[in-house]
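Chemist: File follows, model.txt with compact mmCIF, C-alpha atoms:
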```
# COMPACT_ATOMS: atom_id res chain seq x y z
CA MET A 340 35.35 80.74 13.70
CA GLU A 341 37.42 83.78 12.86
CA MET A 342 40.70 85.17 14.10
CA ARG A 343 40.38 87.20 17.29
CA ARG A 344 42.68 88.84 19.76
CA ALA A 345 43.76 86.66 22.68
CA PHE A 346 43.73 87.78 26.31
CA ARG A 347 47.13 89.17 27.19
CA VAL A 348 48.84 91.22 29.90
CA ASN A 349 52.16 93.00 29.84
CA GLY A 350 54.79 90.37 30.56
CA PHE A 351 57.01 92.64 32.65
CA LEU A 352 54.07 93.44 34.95
CA MET A 353 53.42 89.75 35.56
CA LEU A 354 57.15 89.23 36.04
CA GLY A 355 56.98 91.74 38.88
CA VAL A 356 54.07 89.81 40.38
CA PHE A 357 56.13 86.63 40.10
CA VAL A 358 59.01 88.27 41.97
CA LEU A 359 56.59 89.43 44.65
CA LEU A 360 55.28 85.89 45.02
CA GLY A 361 58.85 84.69 45.38
CA VAL A 362 59.30 87.09 48.28
CA LEU A 363 56.07 85.84 49.87
CA VAL A 364 57.20 82.24 49.50
CA ALA A 365 60.51 83.12 51.15
CA VAL A 366 58.64 84.78 54.02
CA ALA A 367 56.40 81.73 54.38
CA ILE A 368 59.43 79.47 54.53
CA GLY A 369 60.88 81.73 57.23
CA ILE A 370 57.66 81.61 59.24
CA ILE A 371 57.57 77.83 59.06
CA GLY A 372 61.21 77.59 60.07
CA ASN A 373 60.73 79.87 63.08
CA ALA A 374 57.66 77.94 64.18
CA GLN A 375 59.51 74.66 63.98
CA ASN A 376 62.43 76.07 65.99
CA GLY A 377 60.06 77.45 68.65
CA ASP A 378 57.73 74.59 69.51
CA GLY A 379 58.71 71.79 67.17
CA GLY A 380 55.60 72.18 64.98
CA GLY A 381 54.84 74.01 61.78
CA SER A 382 52.63 77.07 61.45
CA PRO A 383 49.40 76.31 59.51
CA ALA A 384 49.24 79.85 58.14
CA GLY A 385 52.81 79.69 56.92
CA ALA A 386 52.29 76.30 55.30
CA ALA A 387 49.15 77.48 53.52
CA LEU A 388 50.93 80.61 52.34
CA LEU A 389 53.80 78.50 51.01
CA ILE A 390 51.50 76.18 49.07
CA LEU A 391 49.48 79.03 47.58
CA GLY A 392 52.63 80.91 46.63
CA VAL A 393 54.13 77.89 44.86
CA ILE A 394 50.89 77.22 42.95
CA ALA A 395 50.57 80.87 41.93
CA ALA A 396 54.20 80.96 40.79
CA VAL A 397 53.73 77.86 38.63
CA VAL A 398 50.56 79.33 37.10
CA ILE A 399 52.30 82.60 36.29
CA LEU A 400 55.34 80.86 34.79
CA THR A 401 53.20 78.94 32.29
CA GLY A 402 51.73 82.13 30.83
CA PHE A 403 54.82 83.98 29.61
CA VAL A 404 55.31 84.24 25.83
CA VAL A 405 57.63 86.23 23.57
CA VAL A 406 56.33 87.40 20.18
CA ASN A 407 58.88 88.45 17.56
CA PRO A 408 58.27 91.17 14.95
CA ASN A 409 56.13 89.98 12.02
CA GLN A 410 55.03 86.91 13.97
CA ALA A 411 51.75 85.77 15.49
CA LYS A 412 51.15 83.31 18.29
CA VAL A 413 48.02 81.17 18.03
CA VAL A 414 46.88 80.40 21.59
CA GLN A 415 44.99 77.19 22.45
CA PHE A 416 43.64 76.21 25.84
CA PHE A 417 43.29 72.42 26.02
CA GLY A 418 42.56 72.21 22.29
CA ARG A 419 40.22 75.21 22.14
CA TYR A 420 41.25 78.27 20.14
CA ILE A 421 41.10 81.33 22.38
CA GLY A 422 42.78 83.93 20.19
CA SER A 423 46.01 85.15 18.59
CA VAL A 424 48.71 87.55 19.71
CA SER A 425 50.37 89.48 16.90
CA GLU A 426 51.88 92.44 18.78
CA ALA A 427 55.63 92.04 19.16
CA GLY A 428 56.94 92.00 22.72
CA PHE A 429 56.88 90.17 26.04
CA HIS A 430 53.36 89.10 27.05
CA TRP A 431 51.51 86.99 29.57
CA VAL A 432 48.57 85.01 28.24
CA THR A 433 46.22 82.37 29.60
CA PRO A 434 48.28 79.91 31.67
CA PHE A 435 48.58 76.23 30.72
CA SER A 436 47.84 77.16 27.11
CA SER A 437 49.79 76.08 24.04
CA ARG A 438 51.13 78.62 21.55
CA ARG A 439 51.94 78.00 17.91
CA GLY A 440 54.08 80.50 16.06
CA ILE A 441 52.94 81.69 12.62
CA SER A 442 55.28 83.87 10.56
CA LEU A 443 53.69 86.99 9.04
CA ARG A 444 56.74 87.84 6.93
CA VAL A 445 56.53 88.20 3.16
CA ARG A 446 57.68 85.01 1.47
CA ASN A 447 58.39 83.98 -2.08
CA PHE A 448 58.09 80.57 -3.64
CA GLU A 449 59.17 79.43 -7.10
CA THR A 450 57.46 76.45 -8.68
CA GLN A 451 59.32 73.73 -10.50
CA LYS A 452 59.44 73.73 -14.29
CA LEU A 453 56.13 72.13 -15.22
CA LYS A 454 55.51 70.44 -18.57
CA VAL A 455 51.99 71.31 -19.76
CA ASN A 456 50.11 71.30 -23.05
CA GLU A 457 49.08 74.88 -23.86
CA ALA A 458 45.78 75.88 -25.49
CA ASP A 459 46.93 74.85 -28.99
CA GLY A 460 48.10 71.46 -27.74
CA ASN A 461 51.83 72.17 -27.88
CA PRO A 462 53.89 70.99 -24.87
CA VAL A 463 55.58 73.85 -23.04
CA GLU A 464 57.73 74.23 -19.94
CA ILE A 465 56.49 76.87 -17.51
CA ALA A 466 57.36 78.05 -14.00
CA CYS A 467 56.36 81.02 -11.85
CA VAL A 468 57.32 82.82 -8.65
CA VAL A 469 54.69 83.63 -6.03
CA VAL A 470 55.08 86.33 -3.36
CA TYR A 471 52.70 85.90 -0.42
CA ARG A 472 52.19 86.42 3.30
CA VAL A 473 49.85 85.25 6.07
CA ILE A 474 47.14 87.73 7.04
CA ASP A 475 44.88 85.42 9.11
CA SER A 476 46.80 83.30 11.64
CA PHE A 477 43.68 81.31 12.63
CA LYS A 478 43.01 80.08 9.08
CA ALA A 479 46.70 79.43 8.44
CA ALA A 480 46.89 77.28 11.58
CA PHE A 481 43.58 75.41 11.45
CA ALA A 482 41.98 75.69 7.96
CA VAL A 483 44.70 73.60 6.26
CA ASP A 484 47.25 71.05 7.46
CA ASP A 485 50.31 72.97 6.23
CA TYR A 486 49.75 76.39 4.71
CA GLU A 487 53.18 76.49 3.05
CA GLN A 488 52.58 73.18 1.28
CA TYR A 489 49.07 74.36 0.44
CA VAL A 490 50.43 77.47 -1.31
CA GLU A 491 52.93 75.38 -3.27
CA THR A 492 50.28 72.91 -4.45
CA GLN A 493 47.78 75.62 -5.40
CA SER A 494 50.49 77.57 -7.23
CA GLU A 495 51.34 74.60 -9.42
CA ALA A 496 47.64 73.94 -10.06
CA ALA A 497 47.05 77.58 -11.03
CA VAL A 498 50.04 77.60 -13.40
CA ARG A 499 48.82 74.40 -15.09
CA HIS A 500 45.34 75.86 -15.50
CA LEU A 501 46.75 79.10 -16.90
CA ALA A 502 48.91 77.28 -19.43
CA THR A 503 46.01 75.17 -20.72
CA THR A 504 43.78 78.19 -21.32
CA HIS A 505 46.24 80.34 -23.30
CA PRO A 506 48.46 79.64 -26.32
CA TYR A 507 52.21 80.10 -26.19
CA ASP A 508 52.04 82.63 -29.02
CA ALA A 509 48.99 84.38 -30.51
CA HIS A 510 50.50 84.30 -34.06
CA ASP A 511 49.32 87.81 -34.98
CA ASP A 512 45.81 87.18 -33.60
CA SER A 513 45.18 90.24 -31.43
CA THR A 514 42.00 88.77 -29.94
CA ARG A 515 43.85 86.01 -28.09
CA ILE A 516 45.97 86.49 -24.97
CA SER A 517 49.18 84.48 -25.18
CA LEU A 518 51.43 83.30 -22.38
CA ARG A 519 54.04 85.78 -23.62
CA ASP A 520 51.80 88.74 -22.66
CA GLY A 521 53.60 89.15 -19.36
CA ALA A 522 51.56 91.84 -17.58
CA THR A 523 48.14 90.43 -18.51
CA VAL A 524 49.07 86.85 -17.68
CA ALA A 525 50.66 87.87 -14.35
CA GLU A 526 47.52 89.74 -13.32
CA GLU A 527 45.33 86.78 -14.23
CA LEU A 528 47.58 84.36 -12.35
CA THR A 529 47.65 86.60 -9.26
CA THR A 530 43.86 86.89 -9.22
CA GLU A 531 43.37 83.14 -9.49
CA LEU A 532 45.89 82.41 -6.74
CA ARG A 533 44.24 84.91 -4.40
CA GLU A 534 40.95 83.07 -4.81
CA ARG A 535 42.59 79.69 -4.25
CA THR A 536 44.58 80.68 -1.12
CA ALA A 537 42.01 82.86 0.66
CA LEU A 538 40.80 79.73 2.47
CA ALA A 539 44.16 79.42 4.23
CA GLY A 540 44.36 83.08 5.28
CA ILE A 541 47.01 83.85 2.66
CA GLU A 542 47.36 87.08 0.69
CA VAL A 543 49.10 86.68 -2.66
CA ILE A 544 50.97 89.90 -3.35
CA GLU A 545 52.31 89.03 -6.78
CA ALA A 546 52.69 86.08 -9.12
CA ARG A 547 54.77 86.16 -12.31
CA ILE A 548 56.01 83.66 -14.87
CA THR A 549 59.77 83.16 -14.57
CA HIS A 550 60.30 80.48 -17.22
CA LEU A 551 58.44 79.85 -20.46
CA ALA A 552 59.69 77.73 -23.34
CA TYR A 553 58.59 75.03 -25.73
CA ALA A 554 59.35 71.48 -24.68
CA PRO A 555 62.67 70.16 -26.06
CA GLU A 556 60.99 67.71 -28.44
CA ILE A 557 59.27 70.50 -30.43
CA ALA A 558 61.54 73.45 -29.65
CA GLN A 559 63.49 73.18 -32.92
CA SER A 560 60.34 72.94 -35.05
CA MET A 561 58.77 75.90 -33.30
CA LEU A 562 61.97 77.89 -33.73
CA VAL A 563 61.84 77.32 -37.47
CA ARG A 564 58.20 78.38 -37.46
CA GLN A 565 58.97 81.57 -35.57
CA GLN A 566 61.86 82.38 -37.89
CA ALA A 567 59.63 81.82 -40.93
CA SER A 568 56.98 84.11 -39.45
CA GLN A 569 59.55 86.81 -38.83
CA ILE A 570 60.94 86.48 -42.36
CA VAL A 571 57.45 86.75 -43.86
CA ALA A 572 56.68 89.80 -41.73
CA ALA A 573 59.97 91.46 -42.71
CA ARG A 574 59.46 90.72 -46.42
CA THR A 575 55.92 92.09 -46.26
CA ARG A 576 57.20 95.33 -44.76
CA ILE A 577 59.94 95.58 -47.40
CA VAL A 578 57.50 95.04 -50.26
CA GLU A 579 55.12 97.66 -48.88
CA GLY A 580 57.94 100.17 -48.72
CA ALA A 581 59.28 99.26 -52.16
CA VAL A 582 55.86 99.67 -53.79
CA GLY A 583 55.54 103.10 -52.25
CA MET A 584 58.99 104.12 -53.45
CA VAL A 585 58.29 102.91 -57.02
CA GLY A 586 55.01 104.79 -57.13
CA LEU A 587 56.69 107.92 -55.86
CA ALA A 588 59.43 107.61 -58.49
CA LEU A 589 56.91 107.29 -61.34
CA GLU A 590 54.90 110.24 -60.04
CA ARG A 591 57.99 112.46 -59.81
CA LEU A 592 59.12 111.52 -63.34
CA ALA A 593 55.67 112.30 -64.70
CA GLU A 594 55.47 115.63 -62.85
CA GLN A 595 58.89 116.85 -63.95
CA GLY A 596 58.52 115.53 -67.52
CA MET A 597 62.01 114.16 -67.57
CA VAL A 598 61.07 111.15 -69.70
CA GLU A 599 57.92 109.75 -71.19
CA LEU A 600 57.36 106.06 -70.68
CA ASP A 601 54.75 103.85 -72.28
CA GLU A 602 53.02 101.13 -70.30
CA GLU A 603 55.52 98.49 -71.33
CA ARG A 604 58.50 100.57 -70.19
CA LYS A 605 56.73 101.52 -66.97
CA ALA A 606 56.24 97.81 -66.25
CA ALA A 607 59.92 97.13 -66.97
CA MET A 608 60.97 100.00 -64.71
CA VAL A 609 58.69 98.83 -61.93
CA SER A 610 60.10 95.30 -62.26
CA ASN A 611 63.69 96.51 -62.11
CA LEU A 612 63.08 98.79 -59.12
CA LEU A 613 61.29 96.06 -57.17
CA VAL A 614 64.14 93.64 -57.86
CA VAL A 615 66.66 96.18 -56.59
CA LEU A 616 64.64 97.24 -53.52
CA CYS A 617 63.36 93.81 -52.48
CA GLY A 618 66.42 91.71 -53.23
CA ASP A 619 68.50 90.34 -50.37
CA ARG A 620 71.74 90.94 -52.28
CA ALA A 621 73.42 94.04 -53.66
CA ALA A 622 72.21 95.03 -57.15
CA GLN A 623 74.58 94.63 -60.12
CA PRO A 624 73.89 97.61 -62.44
CA VAL A 625 73.93 97.13 -66.19
CA VAL A 626 74.76 100.18 -68.33
CA ASN A 627 72.62 100.40 -71.45
CA THR A 628 74.68 101.95 -74.26
CA GLY A 629 71.94 101.61 -76.85
CA THR A 630 68.56 103.24 -77.17
CA LEU A 631 65.70 103.11 -74.71
CA TYR A 632 64.15 100.18 -76.59
CA SER A 633 67.26 98.04 -77.20
```
For this file, write the structure as structure tokens.

Modeler:
Amino acid sequence: MEMRRAFRVNGFLMLGVFVLLGVLVAVAIGIIGNAQNGDGGGSPAGAALLILGVIAAVVILTGFVVVNPNQAKVVQFFGRYIGSVSEAGFHWVTPFSSRRGISLRVRNFETQKLKVNEADGNPVEIACVVVYRVIDSFKAAFAVDDYEQYVETQSEAAVRHLATTHPYDAHDDSTRISLRDGATVAEELTTELRERTALAGIEVIEARITHLAYAPEIAQSMLVRQQASQIVAARTRIVEGAVGMVGLALERLAEQGMVELDEERKAAMVSNLLVVLCGDRAAQPVVNTGTLYS
């Protein structure tokens, strides 16, 4: 079965019919009263009109329903689904039917902080926020027991699956997608959640990771590792720049002919310049008052 539109009539129109029936019932009561006052008996036509009017009024009263904006009413007639009403307003539907309200508003749900082993086996804490709404009131009402609980459970399952298939950090491996690649991971998580919740008539608008960290028992070790990686990367960049500067200095000295250096002195100059450029402390110059070779 699929969602379909339920039979409905303008509620104010049926309210007018109900008022008209009330007038007819009052007239019938008057006819019966006059007949009883005249000959001591009741009028059969008046009694029949009274009974029919009361029955019709009860039938009409059981069909009124109010639908709020961004809400749907799932209508059942003795257990059978007969349609949904999603237009806001005052309506009259099939009498003696039950109506279940389903909110169509956009909702957001944030998972708890889950402890999961990522792709490299390291325990991490991860949580996400999911923005969703109901687009099929029939599936939301009858495909699952509780669609809100269903979204929560599937969100946690999707986050766990995502964490186990990606590492926390790619460690300079551009071919791997890490959990820290926010846009890519969010798109993947949203796609997976849409597939998981389509059964319940849910549309996932967006899903994003809100918390990502190593578990406390390895957080300090991983922090040291990250700091070491950053130090190595910084030192590599410094050495690359220093080598370029030394080469440029030797080329300029050779071009301008300011001084002629043999290979031994070039090596000494290169060593001194690299120490000055790559050192993490300020250089302490030494003035040579002798010759170039002493």

Chemist: Can you pull out the residues contacting Ala539 in chain A? Cut-off 9 Å, using all atoms listed in the file, and skip same-chain residues under 6 positions away; I want them as a PyMOL selection string.

Modeler: chain A and resi 473+475-483+486+489-490

Chemist: Only C-alpha atoms, please: the residues just picked out, written as a PDB file, in the frame of the given file.

Modeler:
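After the write, again_31.pdb holds the following:
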```pdb
ATOM      1  CA  VAL A 473      49.850  85.250   6.070  1.00  0.00           C
ATOM      2  CA  ASP A 475      44.880  85.420   9.110  1.00  0.00           C
ATOM      3  CA  SER A 476      46.800  83.300  11.640  1.00  0.00           C
ATOM      4  CA  PHE A 477      43.680  81.310  12.630  1.00  0.00           C
ATOM      5  CA  LYS A 478      43.010  80.080   9.080  1.00  0.00           C
ATOM      6  CA  ALA A 479      46.700  79.430   8.440  1.00  0.00           C
ATOM      7  CA  ALA A 480      46.890  77.280  11.580  1.00  0.00           C
ATOM      8  CA  PHE A 481      43.580  75.410  11.450  1.00  0.00           C
ATOM      9  CA  ALA A 482      41.980  75.690   7.960  1.00  0.00           C
ATOM     10  CA  VAL A 483      44.700  73.600   6.260  1.00  0.00           C
ATOM     11  CA  TYR A 486      49.750  76.390   4.710  1.00  0.00           C
ATOM     12  CA  TYR A 489      49.070  74.360   0.440  1.00  0.00           C
ATOM     13  CA  VAL A 490      50.430  77.470  -1.310  1.00  0.00           C
TER      14      VAL A 490
END
```

Chemist: Within 12 Å of Cys617 in chain A, counting all atoms listed in the file, which residues show up once you throw out same-chain ones fewer than 6 positions away? Write them as a PDB file with C-alpha atoms, in the coordinates of the input, please.

Modeler:
```
ATOM      1  CA  ALA A 573      59.970  91.460 -42.710  1.00  0.00           C
ATOM      2  CA  ARG A 574      59.460  90.720 -46.420  1.00  0.00           C
ATOM      3  CA  THR A 575      55.920  92.090 -46.260  1.00  0.00           C
ATOM      4  CA  ARG A 576      57.200  95.330 -44.760  1.00  0.00           C
ATOM      5  CA  ILE A 577      59.940  95.580 -47.400  1.00  0.00           C
ATOM      6  CA  VAL A 578      57.500  95.040 -50.260  1.00  0.00           C
ATOM      7  CA  GLU A 579      55.120  97.660 -48.880  1.00  0.00           C
ATOM      8  CA  GLY A 580      57.940 100.170 -48.720  1.00  0.00           C
ATOM      9  CA  ALA A 581      59.280  99.260 -52.160  1.00  0.00           C
ATOM     10  CA  VAL A 582      55.860  99.670 -53.790  1.00  0.00           C
ATOM     11  CA  MET A 584      58.990 104.120 -53.450  1.00  0.00           C
ATOM     12  CA  VAL A 585      58.290 102.910 -57.020  1.00  0.00           C
ATOM     13  CA  VAL A 609      58.690  98.830 -61.930  1.00  0.00           C
ATOM     14  CA  SER A 610      60.100  95.300 -62.260  1.00  0.00           C
ATOM     15  CA  ASN A 611      63.690  96.510 -62.110  1.00  0.00           C
TER      16      ASN A 611
END
```

Chemist: At a cut-off of 7 Å around the point (49.7, 80.7, 17.1) (file coordinates), what residues fall inside when counting only C-alpha atoms? I'd like the answer as a PyMOL selection string.

Modeler: chain A and resi 411-414+423+438-441+476

Chemist: Can you tell me which residues surround Glu457 in chain A at a distance of at most 10 Å, considering all atoms listed in the file, apart from same-chain residues fewer than 5 positions away, and format the answer as a count of residues only?

Modeler: 17

Chemist: Report as a list in words all protein, DNA and RNA residues lying within 10 Å of Ala395 in chain A, evaluated on all atoms listed in the file, omitting residues in the same chain fewer than 6 positions from it.

Modeler: Val356, Phe357, Leu360, Gly361 and Leu389 of chain A

Chemist: Looking at A:Ile548, A:Ala593, A:Ile541, A:Val615, which one is nearest to Asp520 in chain A, with distances taken over only C-alpha atoms?

Modeler: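 Residue with the minimum atom-to-atom distance to Asp520 in chain A: A:Ile548.
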
Chemist: Hey, which of A:Arg515, A:Val470, A:Val424, A:Asn409 ends up closest to Ala458 in chain A? Count only C-alpha atoms.

Modeler: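 The shortest atom-to-atom distance to Ala458 in chain A comes from A:Arg515.
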
Chemist: For the point (53.7, 76.7, 34.7) in the file's frame, write as a list in words all residues with an atom no more than 12 Å away, counting only C-alpha atoms.

Modeler: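 These residues have at least one counted atom within 12 Å: Phe357, Val393, Ile394, Ala395, Ala396, Val397, Val398, Ile399, Leu400, Thr401, Gly402, Phe403, Val404, Trp431, Val432, Thr433, Pro434, Phe435, Ser436 and Ser437 of chain A.
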
Chemist: Determine the nearest neighbour of Ala509 in chain A from the options A:Gly392, A:Gly355, A:Ser568, A:Ser425, counting only C-alpha atoms.

Modeler: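 Smallest separation from Ala509 in chain A among the options: A:Ser568.
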
Chemist: Considering only C-alpha atoms, return as a ChimeraX atom specification whatever protein or nucleic-acid residues lie within 8 Å of range 521-527 of chain A, sequence-local ones (same chain, fewer than 6 positions apart) excluded.

Modeler: /A:545-548

Chemist: One decimal, in Å: what's the spacing between CA of Thr450 in chain A and CA of Thr549 in chain A?

Modeler: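 Taking CA of Thr450 in chain A as the start and CA of Thr549 in chain A as the end point, the length is 9.2 Å.
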
Chemist: Go through A:Ile516, A:Val571, A:Leu538, A:Leu612 and flag the residue nearest Ala588 in chain A, using all atoms listed in the file for the distances.

Modeler: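 With all atoms listed in the file as the atom set, the closest residue is A:Leu612.
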
Chemist: How many Å separate CA of Asn461 in chain A from CA of Ala552 in chain A?

Modeler: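 That distance, rounded to one decimal, is 10.6 Å.
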
Chemist: What does the distance between CA of Leu453 in chain A and CA of Gln488 in chain A come to in Å, to one decimal place?

Modeler: 16.9 Å

Chemist: Ranking A:Val543, A:Leu391, A:Ala496, A:Leu532 by minimum distance to Ile474 in chain A and counting all atoms listed in the file, which one comes first?

Modeler: A:Val543

Chemist: Taking only C-alpha atoms into account, name the residue in A:Phe429, A:Ile390, A:Phe417, A:Glu556 that is nearest to Phe351 in chain A.

Modeler: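 Looking at the shortest contact to Phe351 in chain A, the residue is A:Phe429.
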